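Shown below: final_9.cif, with mmCIF, C-alpha atoms and all ligand atoms.
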```cif
data_protein
#
loop_
_atom_site.group_PDB
_atom_site.id
_atom_site.type_symbol
_atom_site.label_atom_id
_atom_site.label_comp_id
_atom_site.auth_asym_id
_atom_site.auth_seq_id
_atom_site.Cartn_x
_atom_site.Cartn_y
_atom_site.Cartn_z
ATOM 1 C CA MET A 221 0.000 0.000 0.000
ATOM 2 C CA THR A 222 1.407 3.409 -0.920
ATOM 3 C CA ALA A 223 1.250 6.151 1.667
ATOM 4 C CA VAL A 224 -0.856 9.150 0.706
ATOM 5 C CA THR A 225 1.248 12.279 0.167
ATOM 6 C CA ARG A 226 0.305 14.943 2.701
ATOM 7 C CA LYS A 227 -0.391 18.242 0.978
ATOM 8 C CA ALA A 228 -0.695 21.749 2.372
ATOM 9 C CA ALA A 229 -0.796 25.178 0.734
ATOM 10 C CA VAL A 230 -0.888 28.891 1.305
ATOM 11 C CA THR A 231 -4.273 30.363 0.425
ATOM 12 C CA GLY A 232 -5.004 34.014 -0.249
ATOM 13 C CA HIS A 233 -5.859 36.501 -2.980
ATOM 14 C CA PRO A 234 -3.507 37.319 -4.579
ATOM 15 C CA VAL A 235 -1.091 34.654 -3.411
ATOM 16 C CA ALA A 236 1.485 34.159 -6.173
ATOM 17 C CA HIS A 237 3.943 36.516 -4.414
ATOM 18 C CA SER A 238 3.974 34.382 -1.233
ATOM 19 C CA ARG A 239 7.313 33.045 -0.019
ATOM 20 C CA SER A 240 5.609 30.312 2.030
ATOM 21 C CA PRO A 241 6.118 27.594 -0.648
ATOM 22 C CA LEU A 242 9.841 28.369 -0.599
ATOM 23 C CA ILE A 243 9.979 28.142 3.200
ATOM 24 C CA HIS A 244 8.035 24.879 3.507
ATOM 25 C CA GLY A 245 9.757 23.447 0.431
ATOM 26 C CA TYR A 246 13.111 24.052 2.144
ATOM 27 C CA TRP A 247 11.980 22.186 5.280
ATOM 28 C CA LEU A 248 10.397 19.312 3.331
ATOM 29 C CA LYS A 249 13.673 18.790 1.494
ATOM 30 C CA LYS A 250 15.813 19.221 4.593
ATOM 31 C CA HIS A 251 13.833 16.592 6.509
ATOM 32 C CA GLY A 252 13.385 14.248 3.537
ATOM 33 C CA ILE A 253 9.589 14.395 3.803
ATOM 34 C CA ALA A 254 7.611 13.391 0.712
ATOM 35 C CA GLY A 255 4.972 16.080 1.316
ATOM 36 C CA GLU A 256 3.838 18.924 -0.873
ATOM 37 C CA TYR A 257 3.220 22.599 -0.197
ATOM 38 C CA GLY A 258 1.682 24.781 -2.897
ATOM 39 C CA CYS A 259 0.003 28.090 -3.589
ATOM 40 C CA LEU A 260 -3.778 28.327 -3.907
ATOM 41 C CA ASP A 261 -5.496 31.507 -5.046
ATOM 42 C CA VAL A 262 -8.981 31.562 -3.533
ATOM 43 C CA ALA A 263 -11.246 34.294 -4.908
ATOM 44 C CA PRO A 264 -12.979 36.367 -2.198
ATOM 45 C CA GLU A 265 -16.453 35.239 -3.275
ATOM 46 C CA GLU A 266 -15.333 31.597 -2.986
ATOM 47 C CA ALA A 267 -13.494 31.878 0.329
ATOM 48 C CA ASP A 268 -16.327 31.123 2.750
ATOM 49 C CA ARG A 269 -17.377 28.012 0.824
ATOM 50 C CA PHE A 270 -13.758 26.887 0.394
ATOM 51 C CA PHE A 271 -12.950 26.958 4.115
ATOM 52 C CA ARG A 272 -16.309 25.493 5.175
ATOM 53 C CA ASN A 273 -15.681 22.565 2.801
ATOM 54 C CA PHE A 274 -11.976 22.366 3.546
ATOM 55 C CA SER A 275 -12.092 18.599 4.163
ATOM 56 C CA GLN A 276 -12.859 18.181 0.456
ATOM 57 C CA SER A 277 -9.854 20.235 -0.675
ATOM 58 C CA GLY A 278 -7.381 17.357 -0.603
ATOM 59 C CA LEU A 279 -5.200 19.353 1.805
ATOM 60 C CA VAL A 280 -4.304 18.380 5.383
ATOM 61 C CA GLY A 281 -4.006 22.036 6.298
ATOM 62 C CA ALA A 282 -3.129 25.490 5.040
ATOM 63 C CA ASN A 283 -1.694 28.873 5.750
ATOM 64 C CA ILE A 284 -4.010 31.787 5.164
ATOM 65 C CA THR A 285 -2.966 35.208 4.030
ATOM 66 C CA VAL A 286 -4.743 38.456 3.143
ATOM 67 C CA PRO A 287 -7.732 38.805 2.766
ATOM 68 C CA HIS A 288 -9.004 35.457 4.085
ATOM 69 C CA LYS A 289 -7.756 35.224 7.697
ATOM 70 C CA GLU A 290 -11.109 36.294 9.208
ATOM 71 C CA THR A 291 -13.157 34.122 6.823
ATOM 72 C CA ALA A 292 -11.006 31.093 7.650
ATOM 73 C CA ALA A 293 -11.378 31.672 11.400
ATOM 74 C CA ALA A 294 -15.157 31.908 11.063
ATOM 75 C CA ALA A 295 -15.241 28.562 9.237
ATOM 76 C CA CYS A 296 -13.184 26.676 11.865
ATOM 77 C CA ASP A 297 -14.759 24.218 14.307
ATOM 78 C CA ARG A 298 -12.109 25.027 16.915
ATOM 79 C CA LEU A 299 -9.850 28.039 17.419
ATOM 80 C CA ASP A 300 -6.887 28.494 19.715
ATOM 81 C CA GLU A 301 -6.903 31.476 22.074
ATOM 82 C CA ALA A 302 -4.889 33.762 19.787
ATOM 83 C CA ALA A 303 -7.096 33.111 16.754
ATOM 84 C CA ARG A 304 -10.176 33.674 18.893
ATOM 85 C CA VAL A 305 -8.894 36.945 20.340
ATOM 86 C CA MET A 306 -7.756 38.200 16.926
ATOM 87 C CA GLY A 307 -10.755 36.838 15.032
ATOM 88 C CA ALA A 308 -8.282 35.691 12.397
ATOM 89 C CA ALA A 309 -6.518 32.416 11.567
ATOM 90 C CA ASN A 310 -3.323 32.121 9.538
ATOM 91 C CA THR A 311 -2.831 28.374 10.081
ATOM 92 C CA ILE A 312 -5.467 25.624 9.839
ATOM 93 C CA TRP A 313 -5.429 21.835 9.970
ATOM 94 C CA LEU A 314 -7.870 18.955 9.864
ATOM 95 C CA ASP A 315 -8.053 16.579 12.794
ATOM 96 C CA ASP A 316 -8.567 12.835 12.379
ATOM 97 C CA ASP A 317 -12.222 13.372 13.275
ATOM 98 C CA GLY A 318 -12.566 15.893 10.423
ATOM 99 C CA ALA A 319 -12.780 18.973 12.667
ATOM 100 C CA LEU A 320 -11.087 22.084 11.264
ATOM 101 C CA HIS A 321 -8.706 23.780 13.716
ATOM 102 C CA GLY A 322 -7.580 27.380 13.403
ATOM 103 C CA SER A 323 -4.564 28.999 14.964
ATOM 104 C CA ASN A 324 -2.921 32.387 14.705
ATOM 105 C CA THR A 325 0.859 32.098 14.688
ATOM 106 C CA ASP A 326 1.688 35.687 13.683
ATOM 107 C CA TRP A 327 2.274 36.542 17.348
ATOM 108 C CA THR A 328 4.602 33.600 17.996
ATOM 109 C CA GLY A 329 6.351 34.448 14.718
ATOM 110 C CA PHE A 330 6.890 37.990 15.946
ATOM 111 C CA LEU A 331 8.295 36.781 19.284
ATOM 112 C CA GLY A 332 10.315 33.952 17.712
ATOM 113 C CA ASN A 333 12.132 36.422 15.467
ATOM 114 C CA LEU A 334 13.087 38.723 18.358
ATOM 115 C CA ASP A 335 13.988 35.863 20.724
ATOM 116 C CA GLN A 336 16.293 34.357 18.106
ATOM 117 C CA ARG A 337 17.974 37.533 16.884
ATOM 118 C CA ALA A 338 18.039 39.567 20.101
ATOM 119 C CA PRO A 339 17.965 37.133 23.044
ATOM 120 C CA GLY A 340 16.873 38.887 26.240
ATOM 121 C CA TRP A 341 15.339 41.739 24.200
ATOM 122 C CA ASP A 342 12.355 42.000 26.559
ATOM 123 C CA ASP A 343 14.091 41.382 29.910
ATOM 124 C CA THR A 344 13.739 44.959 31.091
ATOM 125 C CA SER A 345 11.347 46.398 28.492
ATOM 126 C CA ARG A 346 7.957 47.519 29.802
ATOM 127 C CA THR A 347 6.686 50.209 27.415
ATOM 128 C CA ALA A 348 6.089 49.664 23.697
ATOM 129 C CA VAL A 349 4.931 51.833 20.814
ATOM 130 C CA VAL A 350 3.149 49.955 18.024
ATOM 131 C CA LEU A 351 2.623 51.906 14.794
ATOM 132 C CA GLY A 352 -0.534 50.800 12.960
ATOM 133 C CA ALA A 353 -3.829 49.241 13.961
ATOM 134 C CA GLY A 354 -4.502 46.484 11.427
ATOM 135 C CA GLY A 355 -4.418 42.713 11.784
ATOM 136 C CA ALA A 356 -0.647 42.657 12.270
ATOM 137 C CA ALA A 357 -0.882 45.218 15.092
ATOM 138 C CA ARG A 358 -3.410 42.990 16.894
ATOM 139 C CA ALA A 359 -0.994 40.050 16.761
ATOM 140 C CA ILE A 360 1.865 42.216 18.020
ATOM 141 C CA VAL A 361 -0.122 43.675 20.920
ATOM 142 C CA PHE A 362 -1.179 40.140 21.867
ATOM 143 C CA ALA A 363 2.489 39.084 21.730
ATOM 144 C CA LEU A 364 3.802 41.998 23.797
ATOM 145 C CA LEU A 365 1.171 41.499 26.492
ATOM 146 C CA SER A 366 2.158 37.834 26.731
ATOM 147 C CA ARG A 367 5.596 39.050 27.898
ATOM 148 C CA LYS A 368 6.475 41.666 30.513
ATOM 149 C CA PHE A 369 5.159 44.763 28.750
ATOM 150 C CA THR A 370 2.831 46.749 30.965
ATOM 151 C CA THR A 371 2.104 49.676 28.620
ATOM 152 C CA VAL A 372 1.463 49.316 24.902
ATOM 153 C CA HIS A 373 0.711 52.502 22.942
ATOM 154 C CA ILE A 374 -1.020 51.853 19.610
ATOM 155 C CA VAL A 375 -0.497 54.783 17.243
ATOM 156 C CA ASN A 376 -2.467 54.944 14.019
ATOM 157 C CA ARG A 377 -3.478 57.373 11.265
ATOM 158 C CA THR A 378 -7.093 56.510 12.093
ATOM 159 C CA ALA A 379 -7.012 56.987 15.868
ATOM 160 C CA GLU A 380 -10.427 55.359 16.235
ATOM 161 C CA LYS A 381 -9.036 52.000 15.069
ATOM 162 C CA ALA A 382 -6.174 52.229 17.547
ATOM 163 C CA ARG A 383 -8.621 52.987 20.374
ATOM 164 C CA LYS A 384 -10.812 50.068 19.350
ATOM 165 C CA ILE A 385 -7.926 47.588 19.614
ATOM 166 C CA ALA A 386 -6.864 49.153 22.917
ATOM 167 C CA ALA A 387 -10.378 48.746 24.281
ATOM 168 C CA GLU A 388 -10.403 45.085 23.204
ATOM 169 C CA PHE A 389 -7.134 44.318 24.984
ATOM 170 C CA GLY A 390 -7.909 46.450 28.030
ATOM 171 C CA THR A 391 -5.580 47.561 30.815
ATOM 172 C CA GLY A 392 -2.186 48.803 29.684
ATOM 173 C CA THR A 393 -3.098 49.320 26.015
ATOM 174 C CA ILE A 394 -3.806 52.875 24.869
ATOM 175 C CA GLY A 395 -4.858 54.043 21.389
ATOM 176 C CA HIS A 396 -3.613 57.325 19.838
ATOM 177 C CA GLY A 397 -3.473 59.302 16.599
ATOM 178 C CA TRP A 398 -0.100 60.213 15.001
ATOM 179 C CA ASP A 399 -0.061 63.621 16.741
ATOM 180 C CA ASN A 400 0.993 62.053 20.043
ATOM 181 C CA LEU A 401 3.922 60.095 18.601
ATOM 182 C CA GLY A 402 6.787 62.357 19.716
ATOM 183 C CA ILE A 403 5.874 62.284 23.377
ATOM 184 C CA LEU A 404 5.184 58.549 23.314
ATOM 185 C CA LEU A 405 8.575 57.789 21.760
ATOM 186 C CA GLU A 406 10.260 59.479 24.733
ATOM 187 C CA GLU A 407 9.039 56.757 27.079
ATOM 188 C CA ALA A 408 9.348 53.774 24.706
ATOM 189 C CA ASP A 409 11.656 50.793 25.345
ATOM 190 C CA PHE A 410 10.506 49.221 22.110
ATOM 191 C CA LEU A 411 9.191 50.510 18.755
ATOM 192 C CA VAL A 412 7.606 48.448 15.988
ATOM 193 C CA ASN A 413 6.125 49.455 12.651
ATOM 194 C CA SER A 414 3.138 47.289 11.770
ATOM 195 C CA THR A 415 1.813 49.536 9.013
ATOM 196 C CA SER A 416 2.493 48.892 5.355
ATOM 197 C CA LEU A 417 4.390 52.186 5.112
ATOM 198 C CA GLY A 418 8.003 51.781 4.013
ATOM 199 C CA MET A 419 7.273 48.690 1.927
ATOM 200 C CA THR A 420 8.559 48.851 -1.649
ATOM 201 C CA GLY A 421 5.852 50.600 -3.688
ATOM 202 C CA ASN A 422 4.231 52.275 -0.651
ATOM 203 C CA PRO A 423 4.862 55.738 0.812
ATOM 204 C CA PRO A 424 7.702 56.004 3.353
ATOM 205 C CA LEU A 425 6.968 55.927 7.083
ATOM 206 C CA GLY A 426 8.873 59.183 7.608
ATOM 207 C CA ILE A 427 8.760 59.631 11.385
ATOM 208 C CA ASP A 428 11.129 61.670 13.526
ATOM 209 C CA LEU A 429 13.018 59.309 15.840
ATOM 210 C CA SER A 430 14.851 62.027 17.776
ATOM 211 C CA PRO A 431 12.720 61.659 20.973
ATOM 212 C CA LEU A 432 13.475 57.892 21.143
ATOM 213 C CA ARG A 433 16.096 56.645 23.645
ATOM 214 C CA LYS A 434 19.111 55.158 21.889
ATOM 215 C CA ASP A 435 18.829 51.821 23.672
ATOM 216 C CA ALA A 436 15.236 51.240 22.532
ATOM 217 C CA LEU A 437 14.892 48.237 20.215
ATOM 218 C CA VAL A 438 13.363 49.045 16.822
ATOM 219 C CA THR A 439 11.766 46.511 14.506
ATOM 220 C CA ASP A 440 9.551 46.497 11.423
ATOM 221 C CA ILE A 441 7.152 43.919 10.048
ATOM 222 C CA VAL A 442 7.955 45.129 6.531
ATOM 223 C CA TYR A 443 10.679 42.920 5.010
ATOM 224 C CA VAL A 444 10.672 44.225 1.414
ATOM 225 C CA PRO A 445 13.077 45.943 1.560
ATOM 226 C CA LEU A 446 14.805 44.104 4.373
ATOM 227 C CA GLN A 447 16.425 47.288 5.679
ATOM 228 C CA THR A 448 13.515 49.726 5.707
ATOM 229 C CA ASP A 449 14.109 53.454 6.079
ATOM 230 C CA LEU A 450 12.900 53.162 9.678
ATOM 231 C CA LEU A 451 15.552 50.537 10.463
ATOM 232 C CA LYS A 452 18.275 52.455 8.612
ATOM 233 C CA GLN A 453 17.422 55.661 10.437
ATOM 234 C CA ALA A 454 17.324 53.864 13.814
ATOM 235 C CA GLU A 455 20.607 52.049 13.183
ATOM 236 C CA GLN A 456 22.342 55.271 12.141
ATOM 237 C CA ARG A 457 21.467 56.912 15.465
ATOM 238 C CA GLY A 458 22.678 53.850 17.373
ATOM 239 C CA ASN A 459 19.486 51.961 18.246
ATOM 240 C CA PRO A 460 19.508 48.154 18.127
ATOM 241 C CA VAL A 461 17.379 46.993 15.156
ATOM 242 C CA ILE A 462 15.841 43.706 13.993
ATOM 243 C CA ASP A 463 14.352 43.298 10.506
ATOM 244 C CA GLY A 464 10.954 41.716 9.897
ATOM 245 C CA LEU A 465 11.902 38.688 7.810
ATOM 246 C CA GLY A 466 12.185 36.369 10.815
ATOM 247 C CA MET A 467 8.524 36.951 11.700
ATOM 248 C CA LEU A 468 7.551 35.441 8.345
ATOM 249 C CA LEU A 469 9.897 32.487 8.886
ATOM 250 C CA HIS A 470 8.898 31.781 12.493
ATOM 251 C CA GLN A 471 5.125 32.054 11.909
ATOM 252 C CA ALA A 472 5.491 29.119 9.506
ATOM 253 C CA VAL A 473 6.947 26.711 12.092
ATOM 254 C CA PRO A 474 3.764 25.495 13.894
ATOM 255 C CA GLY A 475 1.908 24.760 10.633
ATOM 256 C CA PHE A 476 4.735 22.645 9.257
ATOM 257 C CA GLU A 477 4.880 20.694 12.510
ATOM 258 C CA ARG A 478 1.109 20.044 12.445
ATOM 259 C CA TRP A 479 0.970 18.941 8.829
ATOM 260 C CA PHE A 480 4.231 17.060 8.447
ATOM 261 C CA GLY A 481 5.069 15.921 11.995
ATOM 262 C CA VAL A 482 8.496 17.529 12.433
ATOM 263 C CA ARG A 483 9.189 20.811 14.234
ATOM 264 C CA PRO A 484 11.498 22.684 11.841
ATOM 265 C CA GLN A 485 14.209 25.203 12.699
ATOM 266 C CA VAL A 486 14.585 28.696 11.318
ATOM 267 C CA ASP A 487 18.242 28.415 10.373
ATOM 268 C CA GLU A 488 20.644 30.737 8.564
ATOM 269 C CA ALA A 489 20.402 28.744 5.319
ATOM 270 C CA LEU A 490 16.624 29.285 5.208
ATOM 271 C CA ARG A 491 17.031 32.968 5.919
ATOM 272 C CA ALA A 492 19.687 33.252 3.186
ATOM 273 C CA LEU A 493 17.396 31.470 0.702
ATOM 274 C CA ILE A 494 14.582 33.937 1.279
ATOM 275 C CA VAL A 495 16.899 36.947 1.342
ATOM 276 C CA GLU A 496 18.250 35.847 -2.047
ATOM 277 C CA ASP A 497 14.724 35.448 -3.391
ATOM 278 C CA LEU A 498 13.914 38.965 -2.184
ATOM 279 C CA GLY A 499 16.873 40.246 -4.189
ATOM 280 C CA GLY A 500 19.663 40.448 -1.638
ATOM 281 C CA ARG A 501 19.866 43.046 1.111
ATOM 282 C CA SER A 502 18.381 45.906 -0.907
HETATM 283 P P1 LIG B 601 -2.448 44.312 8.194
HETATM 284 O O1 LIG B 601 -3.569 43.344 8.363
HETATM 285 O O2 LIG B 601 -1.282 43.765 7.422
HETATM 286 O O3 LIG B 601 -2.019 44.924 9.482
HETATM 287 P P2 LIG B 601 -4.224 46.474 7.433
HETATM 288 O O4 LIG B 601 -5.247 45.895 8.316
HETATM 289 O O5 LIG B 601 -4.615 46.886 6.061
HETATM 290 O O6 LIG B 601 -3.009 45.460 7.230
HETATM 291 O O7 LIG B 601 -3.536 47.706 8.205
HETATM 292 C C1 LIG B 601 -2.652 48.567 7.552
HETATM 293 C C2 LIG B 601 -2.132 49.605 8.555
HETATM 294 O O8 LIG B 601 -1.279 50.503 7.846
HETATM 295 C C3 LIG B 601 -3.228 50.447 9.193
HETATM 296 O O9 LIG B 601 -2.821 50.783 10.499
HETATM 297 C C4 LIG B 601 -3.238 51.691 8.302
HETATM 298 O O10 LIG B 601 -3.734 52.853 8.913
HETATM 299 P P3 LIG B 601 -5.325 53.184 8.892
HETATM 300 O O11 LIG B 601 -5.941 52.290 9.900
HETATM 301 O O12 LIG B 601 -5.419 54.618 9.252
HETATM 302 O O13 LIG B 601 -5.795 52.890 7.486
HETATM 303 C C5 LIG B 601 -1.765 51.838 8.018
HETATM 304 N N1 LIG B 601 -1.536 52.611 6.796
HETATM 305 C C6 LIG B 601 -1.640 52.175 5.526
HETATM 306 N N2 LIG B 601 -1.371 53.187 4.655
HETATM 307 C C7 LIG B 601 -1.097 54.280 5.424
HETATM 308 C C8 LIG B 601 -0.741 55.644 5.137
HETATM 309 N N3 LIG B 601 -0.595 56.085 3.861
HETATM 310 N N4 LIG B 601 -0.515 56.483 6.169
HETATM 311 C C9 LIG B 601 -0.651 56.064 7.452
HETATM 312 N N5 LIG B 601 -0.982 54.793 7.787
HETATM 313 C C10 LIG B 601 -1.209 53.921 6.791
#
```

Re-express the file's structure as structure tokens.
Amino acid sequence: MTAVTRKAAVTGHPVAHSRSPLIHGYWLKKHGIAGEYGCLDVAPEEADRFFRNFSQSGLVGANITVPHKETAAAACDRLDEAARVMGAANTIWLDDDGALHGSNTDWTGFLGNLDQRAPGWDDTSRTAVVLGAGGAARAIVFALLSRKFTTVHIVNRTAEKARKIAAEFGTGTIGHGWDNLGILLEEADFLVNSTSLGMTGNPPLGIDLSPLRKDALVTDIVYVPLQTDLLKQAEQRGNPVIDGLGMLLHQAVPGFERWFGVRPQVDEALRALIVEDLGGRS
């Protein structure tokens, strides 16, 4: 009897740009697993039906990217705490009993990147400034509150969205408009950009970092380019910086383990592979 090849995929719309097949393909090869990981474009009008009938897809599980994370979560039979709190799933899998599980691993990806590249980064940090109030910001606030942060300022162009997330998370999280940024940077131990500003093809972030202490850690979820203007500017003034690529790599780990039975490592060869695919360090 031949074993059935386990197949997973990244689903989204559009999805062709996704680096997930490269990441999972690297791990499949490294571990000698005869599995498959592909790319599946699911049109928005098809998404609800696709996830509700996921057991008929021929896949054991999937990653979900924009704009389907909320639709996928709504279609799951079971959600882990993070997916429930965020109302969004980026990783799903079918159980033996056919139940569809949803998880959100963006927050562990965010922490995994910092823990690997800046061990001890949060030992004494208590106050964070998060720029942006989209889905990525939610995952980051969830992540920071799972550590020792006691104050998380969410700063967004649309202040109302920042206040809404703050209200959802409660004590210690405060929503603001951009006007307050200068004064908030003065007290920050940690600064992260979770907006799409600074990504190739988008407007620059263009903030004044002068109020920020020089020992505050600065990171960005944008990884195209790898060294965003924010990171360059922070590095030039002496702040420690971590780029956002590791978040993408680390968020992929739990899915691979679920679908293929091996917990993979984010190693330097994987990082180099993706950096090369992104066109080097530019
Ligand atoms: P994601 O799910 O990846 O976080 P999103 O939900 O679309 O993406 O959120 C994008 C974030 O980038 C938002 O915080 C958005 O600000 P608004 O809530 O005010 O829209 C921010 N953003 C995008 N373009 C921006 C711009 N030109 N200026 C300021 N903020 C911008």

ask   = Just so the selection is clear, what residues does the PyMOL selection byres (((chain A and resi 281) around 8) and not hetatm) cover here, as a ChimeraX atom specification?
value = /A:227-229,279-280,282-283,311-314,475,479

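If you count only C-alpha atoms and ignore residues fewer than 5 places along the chain from stretch 456-461 of chain A, what sits within 9 Å of it is Ala338, Leu429, Ser430, Leu432, Arg433, Lys434, Asp435, Ala436, Leu437, Val438, Thr439, Asp440 and Leu451 of chain A.
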
key: Near-stretch 361-364 of chain A list (7 Å; only C-alpha atoms; drop same-chain fewer than 6 positions) as a ChimeraX atom specification   = /A:327-328,331

Residue nearest ligand LIG 601 (chain B) among A:Glu477, A:Asp326, A:Asp487, A:Glu406 (counting all atoms listed in the file) = A:Asp326

Considering all atoms listed in the file, give me a table of residues in chain A that are at most 6 Å from ligand LIG 601 (chain B), with the closest atom pair and distance in Å for each, as a Markdown table.
```
| residue | atom | partner | partner_atom | distance |
| --- | --- | --- | --- | --- |
| A:Gly352 | CA | B:LIG601 | O9 | 3.4 |
| A:Ala353 | CA | B:LIG601 | O9 | 3.9 |
| A:Gly354 | CA | B:LIG601 | O4 | 3.3 |
| A:Gly355 | CA | B:LIG601 | O1 | 3.6 |
| A:Ala356 | CA | B:LIG601 | O3 | 3.8 |
| A:Ala357 | CA | B:LIG601 | O3 | 5.7 |
| A:Asn376 | CA | B:LIG601 | O9 | 5.5 |
| A:Arg377 | CA | B:LIG601 | O12 | 3.9 |
| A:Thr378 | CA | B:LIG601 | O12 | 3.8 |
| A:Thr415 | CA | B:LIG601 | O8 | 3.4 |
| A:Ser416 | CA | B:LIG601 | O8 | 4.8 |
| A:Leu417 | CA | B:LIG601 | N2 | 5.9 |
```

message = Nearest residue to A:Pro424 out of A:Asp335, A:Asp449, A:Asp409, A:Asp399, using only C-alpha atoms?
response =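 Nearest candidate to A:Pro424 out of A:Asp335, A:Asp449, A:Asp409, A:Asp399: A:Asp449.
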
inquiry  = as a PyMOL selection string, please: the residues near A:Val412 (cut-off 8 Å, all atoms listed in the file, same-chain neighbours under 2 positions excluded).
reply    = chain A and resi 348-351+410+414+438-441

request  = Go through A:Gly481, A:Ile403, A:Thr370, A:Asp463 one by one, measure the shortest atom-to-atom distance of each to A:Phe389 using only C-alpha atoms, and give the residue with the smallest value.
outcome  =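 Ranked by minimum distance to A:Phe389, first place goes to A:Thr370.
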
task = Can you work out which one of A:Leu490, A:Gln471, A:Asp261, A:Trp398 has the shortest atom-to-atom distance to A:Asn324, counting all atoms listed in the file?
result = A:Gln471

message = Taking only C-alpha atoms into account, name the residue in A:Phe369, A:Val286, A:Asp268, A:Gly255 that is nearest to A:Pro234.
response =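 Among A:Phe369, A:Val286, A:Asp268, A:Gly255, it is A:Val286 that comes nearest to A:Pro234.
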
request  = Carefully work through the PyMOL selection byres (((chain A and resi 266) around 12) and not hetatm) for this structure and note down the residues it includes, as number ranges by chain.
outcome  = A: 231-233, 261-265, 267-274, 287-288, 291-292

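Comparing the minimum interatomic distances between A:Leu334 and each of A:Ile360, A:Met306, A:Ile374, A:Ala386, counting all atoms listed in the file, we find that A:Ile360 sits nearest.
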